[in-house]
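Novice: For reference, the file coords.txt (compact mmCIF, C-alpha atoms and all ligand atoms) is included below:
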# COMPACT_ATOMS: atom_id res chain seq x y z
CA MET A 1 74.56 116.26 111.51
CA PRO A 2 76.50 113.48 113.32
CA GLN A 3 80.15 113.31 112.41
CA ALA A 4 81.87 110.13 111.30
CA GLN A 5 84.67 108.46 113.22
CA ILE A 6 87.92 109.37 111.42
CA ILE A 7 89.95 106.21 110.84
CA ASP A 8 93.56 106.98 111.83
CA GLY A 9 95.56 105.12 109.18
CA LYS A 10 98.81 106.67 110.34
CA ALA A 11 98.45 105.33 113.89
CA ILE A 12 97.29 101.89 112.71
CA ALA A 13 100.19 101.72 110.21
CA GLU A 14 102.64 102.58 113.01
CA SER A 15 101.30 99.76 115.17
CA VAL A 16 101.64 97.32 112.25
CA ARG A 17 105.21 98.47 111.59
CA ASP A 18 106.11 98.16 115.29
CA GLU A 19 104.86 94.58 115.26
CA ILE A 20 106.85 93.82 112.09
CA THR A 21 109.99 95.34 113.63
CA ARG A 22 109.62 92.99 116.61
CA ARG A 23 109.03 89.95 114.39
CA ALA A 24 112.00 90.83 112.14
CA ALA A 25 114.21 91.00 115.23
CA ALA A 26 112.94 87.55 116.28
CA LEU A 27 113.71 86.19 112.79
CA LEU A 28 117.24 87.59 113.00
CA GLU A 29 117.61 85.89 116.37
CA THR A 30 116.55 82.45 115.09
CA THR A 31 117.98 82.42 111.54
CA GLY A 32 120.71 85.07 111.59
CA LYS A 33 118.98 86.64 108.56
CA ARG A 34 117.16 89.91 108.02
CA PRO A 35 114.19 90.18 105.63
CA GLY A 36 115.65 91.58 102.39
CA LEU A 37 113.72 93.99 100.15
CA ALA A 38 114.87 95.20 96.71
CA VAL A 39 113.05 98.15 95.18
CA VAL A 40 113.65 98.88 91.50
CA LEU A 41 113.00 102.30 89.98
CA VAL A 42 113.39 102.89 86.26
CA GLY A 43 113.53 106.56 85.28
CA GLU A 44 113.07 109.79 87.22
CA ASP A 45 109.33 110.20 87.73
CA PRO A 46 109.23 112.52 90.80
CA ALA A 47 106.21 110.82 92.45
CA SER A 48 107.82 107.38 91.99
CA GLN A 49 111.08 108.69 93.47
CA VAL A 50 109.21 109.77 96.62
CA TYR A 51 107.39 106.41 96.90
CA VAL A 52 110.60 104.43 96.43
CA ARG A 53 112.46 106.52 98.99
CA ASN A 54 109.65 106.02 101.52
CA LYS A 55 109.60 102.26 100.96
CA ASP A 56 113.38 102.02 101.35
CA ARG A 57 113.31 104.08 104.57
CA ALA A 58 110.43 102.10 106.05
CA ALA A 59 112.28 98.85 105.38
CA GLU A 60 115.39 100.14 107.13
CA ALA A 61 113.32 101.38 110.08
CA CYS A 62 111.90 97.84 110.46
CA GLY A 63 115.46 96.44 110.59
CA PHE A 64 115.30 94.92 107.10
CA HIS A 65 118.13 94.60 104.61
CA SER A 66 117.02 97.14 101.99
CA VAL A 67 118.47 97.72 98.53
CA LYS A 68 117.42 100.36 96.04
CA HIS A 69 118.23 99.95 92.33
CA THR A 70 117.81 103.02 90.15
CA LEU A 71 118.06 102.51 86.38
CA ALA A 72 118.12 105.25 83.73
CA ALA A 73 114.84 105.99 81.92
CA ASP A 74 116.36 104.78 78.64
CA SER A 75 117.46 101.41 80.05
CA SER A 76 116.51 98.56 77.75
CA GLU A 77 113.87 95.99 78.63
CA ALA A 78 116.65 93.37 78.63
CA GLU A 79 118.56 95.32 81.29
CA VAL A 80 115.51 95.48 83.55
CA LEU A 81 114.78 91.78 83.04
CA SER A 82 118.38 90.93 83.79
CA LEU A 83 118.25 92.87 87.08
CA VAL A 84 115.05 91.04 88.10
CA GLU A 85 116.69 87.70 87.29
CA GLN A 86 119.70 88.62 89.40
CA LEU A 87 117.40 89.56 92.34
CA ASN A 88 115.40 86.34 91.89
CA ASN A 89 118.65 84.42 92.46
CA ASP A 90 119.96 86.55 95.34
CA PRO A 91 119.55 84.60 98.62
CA ASP A 92 119.63 87.81 100.68
CA ILE A 93 116.62 89.25 98.83
CA HIS A 94 113.17 87.95 99.80
CA GLY A 95 111.00 90.69 98.31
CA ILE A 96 111.25 92.39 94.90
CA LEU A 97 109.21 95.46 94.01
CA VAL A 98 109.43 97.11 90.60
CA GLN A 99 107.89 100.57 90.89
CA LEU A 100 105.19 101.29 88.32
CA PRO A 101 104.66 102.86 85.87
CA LEU A 102 107.63 101.72 83.80
CA PRO A 103 108.78 103.76 80.77
CA GLY A 104 106.62 103.08 77.69
CA HIS A 105 109.21 101.00 75.81
CA ILE A 106 109.27 98.37 78.59
CA GLU A 107 106.48 95.80 78.72
CA GLU A 108 105.22 95.87 82.29
CA SER A 109 103.61 92.45 82.28
CA LYS A 110 106.83 90.85 81.00
CA VAL A 111 108.80 92.31 83.91
CA LEU A 112 106.16 91.48 86.56
CA ARG A 113 105.85 87.90 85.33
CA LEU A 114 109.59 87.30 85.64
CA ILE A 115 109.57 88.07 89.38
CA ARG A 116 109.56 84.82 91.37
CA PRO A 117 106.04 84.57 92.84
CA GLU A 118 107.55 83.81 96.27
CA LYS A 119 109.36 87.19 96.14
CA ASP A 120 106.51 89.15 94.55
CA VAL A 121 105.75 91.46 97.50
CA ASP A 122 103.43 93.61 95.32
CA GLY A 123 101.22 90.56 94.69
CA PHE A 124 100.94 91.39 90.96
CA HIS A 125 102.26 88.07 89.53
CA PRO A 126 99.51 85.91 87.95
CA VAL A 127 100.30 83.12 90.44
CA ASN A 128 99.51 85.40 93.39
CA VAL A 129 96.48 86.90 91.61
CA GLY A 130 95.24 83.34 91.01
CA LEU A 131 95.78 82.21 94.61
CA LEU A 132 93.91 85.23 95.95
CA THR A 133 91.04 84.79 93.51
CA ALA A 134 90.83 81.08 94.33
CA GLY A 135 90.34 81.92 97.99
CA GLU A 136 93.83 80.83 99.05
CA ARG A 137 95.01 84.14 100.38
CA ASP A 138 97.09 82.51 103.12
CA SER A 139 99.41 81.07 100.45
CA ALA A 140 99.42 84.23 98.32
CA LEU A 141 101.17 87.57 98.59
CA VAL A 142 98.29 90.08 98.51
CA PRO A 143 98.61 93.57 96.92
CA CYS A 144 99.52 96.08 99.63
CA THR A 145 96.84 98.76 99.18
CA PRO A 146 93.81 96.46 99.32
CA ALA A 147 95.41 94.40 102.10
CA GLY A 148 95.93 97.62 104.09
CA SER A 149 92.38 98.76 103.38
CA LEU A 150 91.07 95.48 104.77
CA VAL A 151 93.13 95.93 107.96
CA LEU A 152 91.53 99.38 108.41
CA LEU A 153 88.05 97.87 107.91
CA LYS A 154 88.71 95.11 110.44
CA ARG A 155 90.13 97.51 113.02
CA THR A 156 87.01 99.67 112.58
CA LEU A 157 84.27 97.05 112.27
CA GLY A 158 85.80 94.12 114.16
CA ASP A 159 84.38 90.75 113.17
CA THR A 160 81.20 92.10 111.61
CA LEU A 161 82.11 92.15 107.90
CA SER A 162 80.24 88.95 107.09
CA GLY A 163 76.97 89.60 105.25
CA LYS A 164 77.59 93.32 104.74
CA THR A 165 77.12 94.88 101.31
CA ALA A 166 80.36 96.34 99.91
CA VAL A 167 80.76 98.48 96.81
CA VAL A 168 84.24 98.87 95.33
CA VAL A 169 84.35 101.83 92.96
CA GLY A 170 87.18 101.12 90.48
CA ARG A 171 88.27 97.92 88.73
CA SER A 172 92.06 98.21 88.57
CA ASN A 173 94.32 95.19 88.93
CA ILE A 174 96.27 96.98 91.70
CA VAL A 175 93.30 97.89 93.94
CA GLY A 176 89.72 97.32 92.73
CA LYS A 177 89.84 93.66 91.69
CA PRO A 178 91.97 92.36 94.60
CA MET A 179 89.91 94.44 97.06
CA ALA A 180 86.74 92.78 95.78
CA SER A 181 88.36 89.33 96.19
CA LEU A 182 89.36 90.10 99.78
CA LEU A 183 85.88 91.38 100.69
CA LEU A 184 84.29 88.34 99.09
CA GLN A 185 86.49 86.13 101.25
CA GLU A 186 85.23 88.04 104.28
CA SER A 187 81.71 86.98 103.14
CA CYS A 188 80.63 90.47 102.08
CA THR A 189 78.15 90.83 99.21
CA VAL A 190 80.41 92.60 96.73
CA THR A 191 79.71 94.90 93.79
CA ILE A 192 82.48 96.27 91.58
CA ALA A 193 81.38 99.60 90.11
CA HIS A 194 83.29 101.54 87.45
CA SER A 195 83.07 104.34 84.90
CA ARG A 196 80.34 102.55 82.89
CA THR A 197 78.18 101.64 85.89
CA LYS A 198 74.61 102.93 85.52
CA ASP A 199 73.13 104.93 88.41
CA LEU A 200 76.41 104.92 90.35
CA PRO A 201 75.01 107.13 93.17
CA ASP A 202 72.25 104.58 93.83
CA VAL A 203 74.68 101.67 93.69
CA VAL A 204 76.89 103.38 96.29
CA ARG A 205 73.82 104.18 98.44
CA GLY A 206 73.21 100.45 98.76
CA ALA A 207 76.57 99.86 100.47
CA ASP A 208 77.45 99.31 104.13
CA ILE A 209 81.10 99.53 103.02
CA VAL A 210 82.36 101.83 100.24
CA VAL A 211 85.91 101.52 98.87
CA ALA A 212 86.70 104.33 96.44
CA ALA A 213 89.63 103.66 94.10
CA VAL A 214 89.04 105.51 90.86
CA GLY A 215 91.74 108.20 90.90
CA ARG A 216 89.30 111.04 90.33
CA PRO A 217 89.28 113.85 92.89
CA GLU A 218 86.17 113.97 95.13
CA MET A 219 84.09 112.00 92.63
CA VAL A 220 82.06 110.14 95.27
CA LYS A 221 79.68 112.70 96.77
CA GLY A 222 78.52 112.83 100.38
CA SER A 223 74.86 112.38 99.38
CA TRP A 224 75.78 108.97 97.87
CA ILE A 225 76.87 107.61 101.26
CA ARG A 226 74.33 105.63 103.26
CA ASP A 227 73.98 106.89 106.86
CA GLY A 228 76.45 105.04 109.06
CA ALA A 229 78.42 103.43 106.18
CA THR A 230 82.16 102.79 106.46
CA VAL A 231 84.13 104.63 103.76
CA ILE A 232 87.67 103.71 102.68
CA ASP A 233 89.14 106.34 100.36
CA VAL A 234 92.07 104.95 98.37
CA GLY A 235 92.48 108.01 96.11
CA ILE A 236 95.41 110.39 96.44
CA ASN A 237 94.91 113.30 94.01
CA ARG A 238 97.03 116.43 94.06
CA ILE A 239 95.06 119.59 93.30
CA PRO A 240 97.45 122.25 91.98
CA ALA A 241 97.55 125.65 93.65
CA PRO A 242 95.42 128.17 91.77
CA GLU A 243 97.03 131.40 90.58
CA ARG A 244 95.26 133.28 93.32
CA GLY A 245 93.47 132.21 96.46
CA GLU A 246 94.97 129.15 98.11
CA ARG A 247 98.72 129.30 98.13
CA LYS A 248 99.61 125.63 98.26
CA SER A 249 98.60 122.56 96.30
CA ARG A 250 96.59 120.07 98.36
CA LEU A 251 95.83 116.37 98.42
CA VAL A 252 92.27 115.12 98.15
CA GLY A 253 90.80 111.64 97.93
CA ASP A 254 88.25 110.14 95.56
CA VAL A 255 85.52 110.96 98.12
CA ALA A 256 84.21 114.47 98.87
CA PHE A 257 85.35 114.17 102.49
CA ASP A 258 83.70 117.32 103.91
CA GLU A 259 80.31 116.13 102.65
CA ALA A 260 80.76 112.42 103.40
CA VAL A 261 81.83 112.99 107.01
CA GLY A 262 78.24 114.04 107.81
CA HIS A 263 76.80 110.74 106.51
CA ALA A 264 79.40 108.02 107.11
CA GLY A 265 79.78 106.13 110.37
CA ALA A 266 83.55 106.00 109.81
CA ILE A 267 85.80 107.34 107.07
CA THR A 268 89.51 107.44 106.18
CA PRO A 269 91.09 110.87 105.68
CA VAL A 270 93.43 111.82 102.81
CA PRO A 271 96.26 112.07 103.62
CA GLY A 272 96.68 109.87 106.70
CA GLY A 273 94.27 107.03 105.84
CA VAL A 274 95.08 104.28 103.35
CA GLY A 275 98.43 105.78 102.21
CA PRO A 276 100.49 104.88 105.29
CA MET A 277 98.93 101.39 105.34
CA THR A 278 100.25 100.57 101.86
CA ILE A 279 103.86 100.85 103.00
CA ALA A 280 103.13 99.02 106.27
CA MET A 281 101.67 96.11 104.29
CA LEU A 282 104.75 96.02 102.06
CA MET A 283 106.73 95.38 105.24
CA VAL A 284 104.24 92.63 106.22
CA ASN A 285 104.60 90.99 102.79
CA THR A 286 108.41 91.20 102.87
CA LEU A 287 108.53 89.57 106.31
CA THR A 288 106.06 86.88 105.17
CA ALA A 289 108.15 86.18 102.04
CA ALA A 290 111.36 86.01 104.11
CA ARG A 291 109.85 83.57 106.63
CA ARG A 292 108.59 81.30 103.84
CA LEU A 293 111.88 81.39 101.89
CA LEU A 294 113.99 80.85 104.99
CA GLY A 295 111.82 77.83 105.81
N1 LIG B 301 102.72 102.47 91.49
C1 LIG B 301 101.57 102.89 92.07
N2 LIG B 301 101.17 102.02 93.01
C2 LIG B 301 102.06 101.02 93.02
C3 LIG B 301 102.19 99.84 93.79
O1 LIG B 301 101.38 99.49 94.66
N3 LIG B 301 103.28 99.07 93.50
C4 LIG B 301 104.19 99.41 92.56
N4 LIG B 301 105.19 98.59 92.33
N5 LIG B 301 104.09 100.50 91.83
C5 LIG B 301 103.04 101.30 92.07
Turn this file's structure into C-alpha cells for me.
Specialist:
Amino acid sequence: MPQAQIIDGKAIAESVRDEITRRAAALLETTGKRPGLAVVLVGEDPASQVYVRNKDRAAEACGFHSVKHTLAADSSEAEVLSLVEQLNNDPDIHGILVQLPLPGHIEESKVLRLIRPEKDVDGFHPVNVGLLTAGERDSALVPCTPAGSLVLLKRTLGDTLSGKTAVVVGRSNIVGKPMASLLLQESCTVTIAHSRTKDLPDVVRGADIVVAAVGRPEMVKGSWIRDGATVIDVGINRIPAPERGERKSRLVGDVAFDEAVGHAGAITPVPGGVGPMTIAMLMVNTLTAARRLLG
C-alpha cells in the first residue's frame, strides 16, 4: 500500500519561530520594545505546568519579554481577575494567556472575558471569536492550535484548499469551531462532526481534508480515510504503560496512525505534528499583538 507523506510539524514550527525571532529583533530595532507575553497558571496540574514552561521558554528563545505568574490552586476568583486587570494595564505586556483548565471554583468565561481582546493571544475572547466567525480574521487573534493546523495544511497542499471537502471531527471552542471557520474562509466545504454524528465513518470518507480533534485515542480508523486525503491529527492522548509488556507510556493521536498512513496522501504524526505548531502560533499571535499595540 502507498505510504502517506508525513507532515513534519516540528520542522515547520522551527521555521515559523525563526521568522518570528527575526521579526521581533526588527521590532526591537525600530521601537526599542520587545513583544511581551504573560502566562498565568493557577494550581499545580502537571500537564499545565509542562505547557506553561514550554510557552515561557519558547517566548524567551524568540527574544520576547516573558513573564510567568503562578498562583496557588486555592486562589480566589477575585485574585485571578485582579492579576488579569494588572496585566491588561501593563504597557510591557502585549499578550496574556491564562492556562486552562482553571480550578473548579473559578469561572473560566469570566476570566477570559476580562482579558483585553487586543492582548488575547489565545483568541478565546468573544470579540476575537466574533471577528473570526465574521470572516475578519486579519483583525482577530486566532486560536493557536487551529491556526497552526491551517499552516500545516497550506504548507502541504499549497493554494489548493478552495473547493475541497473538509471534515472537522470535534466541536470544541478551542479547536473544532475555529478550525471550521478558518477552513470555510479558505473556501472549503466544511462539515463539523461530533459524538452524535450519524454514520461518522461515511462522513469522514467524504473528506479531502480530515481534522481530528476529539481527544479520544485512535478513534478515527484508517479505513475511514479516503485514499489520498490530508489528515491533521490534533489529539494528544497519553496511553499509560501496562503492567507487563511495553515499559513506557506512549502518546497517540485521535487517528489510528499505523492504519491511516496506508490510505492518506499526507498525515501529521503524534508527537511532532500539530503540537509544536501550537506554541509557534502563540509566538506569532504575541508578535502580532505587540505590533498592533505599539502602533
Ligand atoms: N489548555 C489546553 N489547551 C489550551 C490552550 O490552547 N490555551 C490555554 N490557555 N489553555 C489550554
Novice: Set out as a tab-separated table a contact list for region 208-252 of chain A and region 161-173 of chain A with a cut-off of 9 Å, giving each residue of region 208-252 of chain A that qualifies its closest atom pair and distance in Å to one decimal, counting only C-alpha atoms, ordered by chain and rising residue number.
Specialist:
residue	atom	partner	partner_atom	distance
A:Asp208	CA	A:Thr165	CA	5.3
A:Ile209	CA	A:Ala166	CA	4.5
A:Val210	CA	A:Val167	CA	5.1
A:Val211	CA	A:Val168	CA	4.7
A:Ala212	CA	A:Val169	CA	4.9
A:Ala213	CA	A:Gly170	CA	5.1
A:Val214	CA	A:Gly170	CA	4.8
A:Gly215	CA	A:Gly170	CA	8.4
A:Val220	CA	A:Val169	CA	8.9
Novice: Which is closest to ligand LIG 301 (chain B) among A:Ala58, A:Ala280, A:Ala73, A:Ile20, if we use all atoms listed in the file?
Specialist: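 Closest to ligand LIG 301 (chain B) of all the choices is A:Ala280.
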Novice: Find the residues near ligand LIG 301 (chain B). Use a cut-off of 7 Å, count all atoms listed in the file, and write them as a list in words.
Specialist: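 Residues satisfying the distance criterion: Leu97, Val98, Gln99, Leu100, Pro101, Asp122, Pro143, Cys144, Thr145 and Ile174 of chain A.
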Novice: Using the file's own x, y and z axes, what box holds all listed atoms of region 190-207 of chain A with 4 Å on each side, keeping edges along x, y and z, and what are its centre and edge lengths in Å to one decimal, as AutoDock Vina command-line options?
Specialist:
--center_x 77.8 --center_y 99.9 --center_z 91.7 --size_x 19.0 --size_y 22.5 --size_z 25.6
Novice: Looking at A:Ala38, A:Ala47, A:Val234, A:Val121, which one is nearest to Pro91 (chain A), with distances taken over all atoms listed in the file?
Specialist: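 Selected residue with least distance to Pro91 (chain A): A:Ala38.
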Novice: Quick one: residues within 10 Å of Asp74 (chain A), only C-alpha atoms counted, chain neighbours fewer than 5 positions away excluded, as an MDAnalysis selection string?
Specialist: chainID A and resid 42:43 103:106
Novice: Of the candidates A:Arg17, A:Lys154, A:Arg205, A:Lys68, which one gets nearest to Trp224 (chain A) if we count only C-alpha atoms?
Specialist: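 Smallest distance to Trp224 (chain A) is found for A:Arg205.
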Novice: Report as a list in words all protein, DNA and RNA residues lying within 12 Å of Gly295 (chain A), evaluated on only C-alpha atoms, omitting residues in the same chain fewer than 2 positions from it.
Specialist: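 Those residues are Leu27, Thr30, Thr31, Lys33, His94, Thr288, Ala289, Ala290, Arg291, Arg292 and Leu293 of chain A.
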Novice: Write out as a ChimeraX atom specification the residues lying within 12 Å of Ile93 (chain A), counting only C-alpha atoms and excluding same-chain residues fewer than 6 positions away.
Specialist: /A:33-39,64-68,84-87,115-116,118-121,286-287,289-291,293-294
